Protein chains: 2
Amino acid sequence: MRRHPERGHYDFDTLAAIIDTAWVCHVSFTLDGVVHAIPTAHWRMGEYLYIHGARASRMLKALTEREACVSIALVDGLVLARSAFHHSMNFRSVVAYGRFETVDDTAHFLESLEAFIDKVAPGRWAALRPVSDKELRATTMLRLRLDEASAKIRSGGVKDAPEDLDWPVWAGVLPLALAAGTPVTEADSQVADYPHPA
Amino acid sequence: MRRHPERGHYDFDTLAAIIDTAWVCHVSFTLDGVVHAIPTAHWRMGEYLYIHGARASRMLKALTEREACVSIALVDGLVLARSAFHHSMNFRSVVAYGRFETVDDTAHFLESLEAFIDKVAPGRWAALRPVSDKELRATTMLRLRLDEASAKIRSGGVKDAPEDLDWPVWAGVLPLALAAGTPVTEADSQVADYPHPA
């Protein structure tokens, strides 16, 4: 964190809030000398970040055998300055390092899956068709302890050079945020109305 | 692309549209045996993906000396099925491999920076205070040719098991998209109204 040290944040609550807001992380690792990155859904329970996938996945198998880097970014706005050089982006990001471990315990697996479903739609877990043994066997869940992680945040307005402030161009921030649209109900859904208001 | 081969897409227009829609990519690389991933803004011009940063950046220097992996993901919706197992996400992602090269030519640098500003706000470049030599010298621009890149897309509705279709829970998709809020004008902006309608 050599440039913009004011953008570095390390307290756990800040990390957790970014991780919980994001739907997708990017998991990087080296396999046979090649760096790979895989975008995948994630969730958090306590001090761990979780991902999951098909039991047969080579990527998930490989991840437990080497160090990984997890990267998350949320875009919060475009910062439009008077000069191209001072244009910027408001964002919140997290980068975490470590080795994933497999979640083998069934009770732990189900508790964590419930946390994931509750992130997607609070309270939904109890209404779902219960997880079958076959589904359990087909799924691998991994978790990474958030020991070595840091956050970076840029927020606020334009930072132009003093001599540029009277340049005749609009200066300001265009806020950006992931927004939910109108729920699209399946034709054969047994319940007509989306029951999970934001 | 062994699982869900129907989600694999390789034509350039598909790749380009995802890259152009996203504001941030994740650049992964190995340095001294450790995998790193850096979220950073990107843009595209022709068959190249561009990033930039401070000239003094160790990361940018290192990138031209080794292979990198660039990962981009856009979240398009939450897919809520009758079982936890069939929950999914609608998304568009790109993963690209290769080595970044430095953009040293000043005309190329300026043309590409204009393309970036035009991505942020079409037509804005001509209204800005021109780039100074000092700014040029302080900035490193890198580009990656999109030769080895692929896209993955999941779209559409819920795919539940036939025996679950009458389970009494709402099933459908909650669309998600990055949306612009109300522009926030700087107090000392010489132009009062945001001039770049979406």
# chains A, B, ... in the order shown; residues from 1 in each chain; ligands from 1
>>> interface_residues(of="chain B", to="chain A", cutoff="6 Å", atoms="only C-alpha atoms", output="list of chain:residue names")
B:His36, B:Cys69, B:Arg82, B:Ser83, B:Leu128, B:Arg129, B:Pro168, B:Val169, B:Trp170, B:Ala171, B:Gly172, B:Val173, B:Leu174, B:Pro175, B:Leu176, B:Ala177, B:Leu178, B:Ala179, B:Ala180, B:Gly181, B:Pro183, B:Val184, B:Thr185, B:Glu186, B:Ser189, B:Gln190, B:Val191
>>> select_by_dssp(residues="stretch 20-140 of chain A", states="strand (DSSP E or B)", output="JSON, numbers by chain")
{"A": [24, 25, 26, 27, 28, 29, 30, 31, 34, 35, 36, 37, 38, 39, 40, 41, 43, 44, 45, 48, 49, 50, 51, 52, 53, 54, 68, 69, 70, 71, 72, 73, 74, 75, 76, 77, 78, 79, 80, 83, 88, 89, 90, 91, 92, 93, 94, 95, 96, 97, 98, 101, 102, 129, 139, 140]}
>>> residues_around(residues="A:Ala115", least_positions_apart="3", cutoff="12 Å", atoms="only C-alpha atoms", output="PyMOL selection string")
(chain A and resi 20+42-46+48-51+108-112+118-126) or (chain B and resi 84)
>>> atom_distance(atom1="atom CA of A:Asp160", atom2="atom CA of B:Ala107")
24.0 Å
>>> atom_distance(atom1="atom CA of B:Asp104", atom2="atom CA of B:Leu142")
8.9 Å
>>> select_by_dssp(residues="stretch 8-111 of chain B", states="alpha helix (DSSP H)", output="PyMOL selection string")
chain B and resi 12-21+58-63+106-111
>>> atom_distance(atom1="atom CA of B:Asp32", atom2="atom CA of A:Met59")
22.4 Å
>>> decode(residues="stretch 114-142 of chain A", atoms="N, CA and C atoms", output="PDB file, in the first residue's frame")
ATOM      1  N   GLU A 114     -26.941 -22.647   4.027  1.00  0.00           N
ATOM      2  CA  GLU A 114     -28.060 -21.813   4.492  1.00  0.00           C
ATOM      3  C   GLU A 114     -27.646 -20.343   4.537  1.00  0.00           C
ATOM      4  N   ALA A 115     -26.404 -20.089   4.986  1.00  0.00           N
ATOM      5  CA  ALA A 115     -25.913 -18.707   5.014  1.00  0.00           C
ATOM      6  C   ALA A 115     -25.856 -18.124   3.600  1.00  0.00           C
ATOM      7  N   PHE A 116     -25.478 -18.961   2.624  1.00  0.00           N
ATOM      8  CA  PHE A 116     -25.424 -18.511   1.229  1.00  0.00           C
ATOM      9  C   PHE A 116     -26.830 -18.161   0.728  1.00  0.00           C
ATOM     10  N   ILE A 117     -27.771 -19.085   0.955  1.00  0.00           N
ATOM     11  CA  ILE A 117     -29.152 -18.841   0.509  1.00  0.00           C
ATOM     12  C   ILE A 117     -29.723 -17.605   1.196  1.00  0.00           C
ATOM     13  N   ASP A 118     -29.392 -17.412   2.454  1.00  0.00           N
ATOM     14  CA  ASP A 118     -29.889 -16.235   3.169  1.00  0.00           C
ATOM     15  C   ASP A 118     -29.272 -14.941   2.636  1.00  0.00           C
ATOM     16  N   LYS A 119     -28.055 -15.043   2.081  1.00  0.00           N
ATOM     17  CA  LYS A 119     -27.465 -13.870   1.419  1.00  0.00           C
ATOM     18  C   LYS A 119     -28.247 -13.554   0.135  1.00  0.00           C
ATOM     19  N   VAL A 120     -28.623 -14.605  -0.583  1.00  0.00           N
ATOM     20  CA  VAL A 120     -29.358 -14.440  -1.846  1.00  0.00           C
ATOM     21  C   VAL A 120     -30.763 -13.914  -1.586  1.00  0.00           C
ATOM     22  N   ALA A 121     -31.410 -14.446  -0.560  1.00  0.00           N
ATOM     23  CA  ALA A 121     -32.790 -14.056  -0.252  1.00  0.00           C
ATOM     24  C   ALA A 121     -33.070 -14.429   1.208  1.00  0.00           C
ATOM     25  N   PRO A 122     -33.040 -13.421   2.096  1.00  0.00           N
ATOM     26  CA  PRO A 122     -33.183 -13.688   3.533  1.00  0.00           C
ATOM     27  C   PRO A 122     -34.436 -14.509   3.858  1.00  0.00           C
ATOM     28  N   GLY A 123     -34.237 -15.558   4.640  1.00  0.00           N
ATOM     29  CA  GLY A 123     -35.366 -16.366   5.087  1.00  0.00           C
ATOM     30  C   GLY A 123     -35.810 -17.440   4.115  1.00  0.00           C
ATOM     31  N   ARG A 124     -35.120 -17.563   2.973  1.00  0.00           N
ATOM     32  CA  ARG A 124     -35.580 -18.475   1.925  1.00  0.00           C
ATOM     33  C   ARG A 124     -35.305 -19.948   2.235  1.00  0.00           C
ATOM     34  N   TRP A 125     -34.226 -20.194   2.955  1.00  0.00           N
ATOM     35  CA  TRP A 125     -33.768 -21.574   3.204  1.00  0.00           C
ATOM     36  C   TRP A 125     -34.881 -22.509   3.664  1.00  0.00           C
ATOM     37  N   ALA A 126     -35.672 -22.062   4.637  1.00  0.00           N
ATOM     38  CA  ALA A 126     -36.707 -22.923   5.233  1.00  0.00           C
ATOM     39  C   ALA A 126     -37.800 -23.283   4.239  1.00  0.00           C
ATOM     40  N   ALA A 127     -37.951 -22.464   3.201  1.00  0.00           N
ATOM     41  CA  ALA A 127     -39.027 -22.706   2.232  1.00  0.00           C
ATOM     42  C   ALA A 127     -38.607 -23.640   1.102  1.00  0.00           C
ATOM     43  N   LEU A 128     -37.326 -23.977   1.025  1.00  0.00           N
ATOM     44  CA  LEU A 128     -36.827 -24.759  -0.111  1.00  0.00           C
ATOM     45  C   LEU A 128     -37.012 -26.257   0.081  1.00  0.00           C
ATOM     46  N   ARG A 129     -37.043 -26.962  -1.027  1.00  0.00           N
ATOM     47  CA  ARG A 129     -36.981 -28.413  -0.976  1.00  0.00           C
ATOM     48  C   ARG A 129     -35.635 -28.790  -0.336  1.00  0.00           C
ATOM     49  N   PRO A 130     -35.651 -29.604   0.727  1.00  0.00           N
ATOM     50  CA  PRO A 130     -34.400 -29.892   1.442  1.00  0.00           C
ATOM     51  C   PRO A 130     -33.322 -30.499   0.540  1.00  0.00           C
ATOM     52  N   VAL A 131     -32.077 -30.258   0.906  1.00  0.00           N
ATOM     53  CA  VAL A 131     -30.927 -30.790   0.164  1.00  0.00           C
ATOM     54  C   VAL A 131     -30.899 -32.312   0.269  1.00  0.00           C
ATOM     55  N   SER A 132     -30.663 -32.969  -0.845  1.00  0.00           N
ATOM     56  CA  SER A 132     -30.613 -34.438  -0.845  1.00  0.00           C
ATOM     57  C   SER A 132     -29.172 -34.924  -0.633  1.00  0.00           C
ATOM     58  N   ASP A 133     -29.056 -36.187  -0.254  1.00  0.00           N
ATOM     59  CA  ASP A 133     -27.720 -36.767  -0.094  1.00  0.00           C
ATOM     60  C   ASP A 133     -26.951 -36.747  -1.409  1.00  0.00           C
ATOM     61  N   LYS A 134     -27.655 -36.971  -2.505  1.00  0.00           N
ATOM     62  CA  LYS A 134     -27.004 -36.981  -3.826  1.00  0.00           C
ATOM     63  C   LYS A 134     -26.422 -35.604  -4.143  1.00  0.00           C
ATOM     64  N   GLU A 135     -27.191 -34.581  -3.812  1.00  0.00           N
ATOM     65  CA  GLU A 135     -26.703 -33.215  -4.058  1.00  0.00           C
ATOM     66  C   GLU A 135     -25.476 -32.901  -3.199  1.00  0.00           C
ATOM     67  N   LEU A 136     -25.550 -33.330  -1.939  1.00  0.00           N
ATOM     68  CA  LEU A 136     -24.407 -33.152  -1.038  1.00  0.00           C
ATOM     69  C   LEU A 136     -23.153 -33.794  -1.621  1.00  0.00           C
ATOM     70  N   ARG A 137     -23.324 -35.019  -2.134  1.00  0.00           N
ATOM     71  CA  ARG A 137     -22.174 -35.750  -2.655  1.00  0.00           C
ATOM     72  C   ARG A 137     -21.628 -35.126  -3.931  1.00  0.00           C
ATOM     73  N   ALA A 138     -22.505 -34.418  -4.670  1.00  0.00           N
ATOM     74  CA  ALA A 138     -22.071 -33.857  -5.962  1.00  0.00           C
ATOM     75  C   ALA A 138     -21.396 -32.500  -5.817  1.00  0.00           C
ATOM     76  N   THR A 139     -21.421 -31.955  -4.608  1.00  0.00           N
ATOM     77  CA  THR A 139     -20.960 -30.579  -4.409  1.00  0.00           C
ATOM     78  C   THR A 139     -19.725 -30.534  -3.512  1.00  0.00           C
ATOM     79  N   THR A 140     -18.749 -29.751  -3.916  1.00  0.00           N
ATOM     80  CA  THR A 140     -17.604 -29.468  -3.060  1.00  0.00           C
ATOM     81  C   THR A 140     -17.712 -28.036  -2.563  1.00  0.00           C
ATOM     82  N   MET A 141     -17.529 -27.872  -1.256  1.00  0.00           N
ATOM     83  CA  MET A 141     -17.523 -26.536  -0.669  1.00  0.00           C
ATOM     84  C   MET A 141     -16.124 -26.293  -0.097  1.00  0.00           C
ATOM     85  N   LEU A 142     -15.596 -25.105  -0.384  1.00  0.00           N
ATOM     86  CA  LEU A 142     -14.290 -24.725   0.135  1.00  0.00           C
ATOM     87  C   LEU A 142     -14.415 -23.438   0.941  1.00  0.00           C
TER      88      LEU A 142
END
